[in-house]
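Worksheet for the structure shown next.
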Amino acid sequence: MKGALFLGGLILVAIAASLIIGDVPLGPGALWQGLWGGDGPGALTIRIIRGPRVAVALGAGAVLGLSGAIFQSLLRNPLAAPDIMGFTSGAGLAVLAAVTAGLALPLPIVAAAGGLAAALLVAALAYRPGQATPAVTLVLVGLGVGFTTAAFGTFLMTRLPSSEAAEAQRWLSGSLAARDWGQAAQVWAIGAGLVAALALQIRALDLLAFGNDLAAGLGLRVEPARWSLAATGVLLAATGVAVAGPVPFVALMAAPLGARLTGARSLGGRLAAAAAAGACVTLVADLAARAAIPGLVLPIGVMTGPLGAPYLLWRLSREMEKGEL
């Protein structure tokens, strides 16, 4: 309970700091007046300038964190995350391809299609007839698919005018610039729908943690349950990519960080902790990206990368020590 309260308090502090800190600093008194009085510069900041950005950061981080927790639990591998396995890169490539082609399609649908296509490609390349596919094989194949989709994304950027290519490069590293309440409503509404769908599958995810044979023995239809959970995880990741870009390492780090901070042991508790940790990491990273260099707003990935890359190397070394790689 103390850990959950600490994480909740950390998120509240990050929200307040994100609203206060910016090109035009806002005093705590003005923020309080805007929050409860509904007028003054605090209200303007909450309603228009920084409020939508904070809401999008929280929603995108939560769905990315939840997606990572699903795959890490489903595959029972801490390296299994949609950003490592190429799903978010696939979603980002699809959005970039639609922009390059001038297609006026809803971004969540485009991102979802790209993420699902990448997931199907990983499954197809890792499939061996009559053999169970090890989780580490899926992760390694996913890494290859992620590099490939990133390469295609770089190629597509060469087809764009220089100004649009620079903006695309920024988006591919994760960006929350100029977000509005429509995008905040989008990520929260779709995310809530997917969380409701996940709630119906949580028993299946819990049973799969015991292994396929035992889960089947307890009456679970293993393969349909796996595909359904994987689809939910991919759609959650794509929902975050549609509004914030393929922010790296949030999905990978959120579940272990949330579990460590809260001490959650039940599956439901660990999923909730992963969503909260993902929201906190994304919000803090966005704040750091805005405040690190005065007058310059960096992509979120510039901040999540230095945190996530060392964690990935440490996790790889742990897996090698255990003989999993």
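Scheme for the structure tokens: letters A, B, ... for chains in order shown; per-chain residue numbers from 1; ligand numbers from 1 in order shown.
Residues with any atom within 12 Å of Leu44 (chain A), counting only C-alpha atoms and excluding same-chain neighbours fewer than 2 positions away, are A:Leu19, A:Ile20, A:Val24, A:Leu26, A:Ala30, A:Leu31, A:Gln33, A:Gly34, A:Leu35, A:Gly37, A:Gly38, A:Asp39, A:Gly40, A:Pro41, A:Gly42, A:Ile46, A:Arg47, A:Ile48, A:Ile49, A:Arg50, A:Gly51, A:Pro52.
Proximity to Ile202 (chain A) was assessed for A:Thr88, A:Thr148, A:Ser266, A:Ser317 counting only C-alpha atoms; the smallest distance is recorded for A:Ser266.
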* Fewer than 5 positions away in the same chain doesn't count, so skip those; otherwise give me all residues within 8 Å of Ala91 (chain A), counting only C-alpha atoms, as a VMD selection string. => chain A and resid 110 to 116 118 238 241 to 242 246
Once you have the residues from the selection above, write them out as a compact mmCIF listing (two decimals), in the first residue's frame, restricted to C-alpha atoms.
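Contents of result37.txt, freshly written:
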```txt
# COMPACT_ATOMS: atom_id res chain seq x y z
CA VAL A 110 -3.57 3.30 -39.16
CA ALA A 111 -1.34 2.73 -36.12
CA ALA A 112 -3.36 -0.32 -35.06
CA ALA A 113 -3.11 -1.80 -38.55
CA GLY A 114 0.66 -1.26 -38.59
CA GLY A 115 1.13 -2.72 -35.13
CA LEU A 116 -0.96 -5.78 -35.89
CA ALA A 118 4.21 -6.19 -37.41
CA ALA A 238 -0.83 1.38 -31.10
CA VAL A 241 1.80 5.50 -30.70
CA ALA A 242 -1.10 7.26 -32.46
CA PRO A 246 6.72 5.21 -30.81
```
* To do: Please provide as number ranges by chain all residues within 7 Å of Ala273 (chain A), with the sequence filter that same-chain residues fewer than 3 positions apart are discarded (counting only C-alpha atoms).
  => A: 255, 258-259, 262, 269-270, 276-277
Please dump the current selection as an mmCIF file, in the first residue's frame; keep C-alpha atoms.
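Generated file (again-v7.cif):
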```
data_model
loop_
_atom_site.group_PDB
_atom_site.id
_atom_site.type_symbol
_atom_site.label_atom_id
_atom_site.label_comp_id
_atom_site.auth_asym_id
_atom_site.auth_seq_id
_atom_site.Cartn_x
_atom_site.Cartn_y
_atom_site.Cartn_z
ATOM 1 C CA ALA A 255 6.100 -3.280 -15.553
ATOM 2 C CA GLY A 258 5.829 -0.469 -11.190
ATOM 3 C CA ALA A 259 6.147 -3.850 -9.485
ATOM 4 C CA THR A 262 4.462 -0.875 -5.344
ATOM 5 C CA GLY A 269 -2.025 -5.225 -9.118
ATOM 6 C CA ARG A 270 1.003 -5.624 -11.368
ATOM 7 C CA ALA A 276 0.825 3.962 -13.436
ATOM 8 C CA ALA A 277 4.580 3.604 -13.857
#
```
* Quick one: of A:Leu298, A:Ala189, A:Leu198, A:Leu267, who's nearest to Trp171 (chain A), counting only C-alpha atoms? ->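 When distances to Trp171 (chain A) are compared using only C-alpha atoms, the smallest one comes from A:Leu298.
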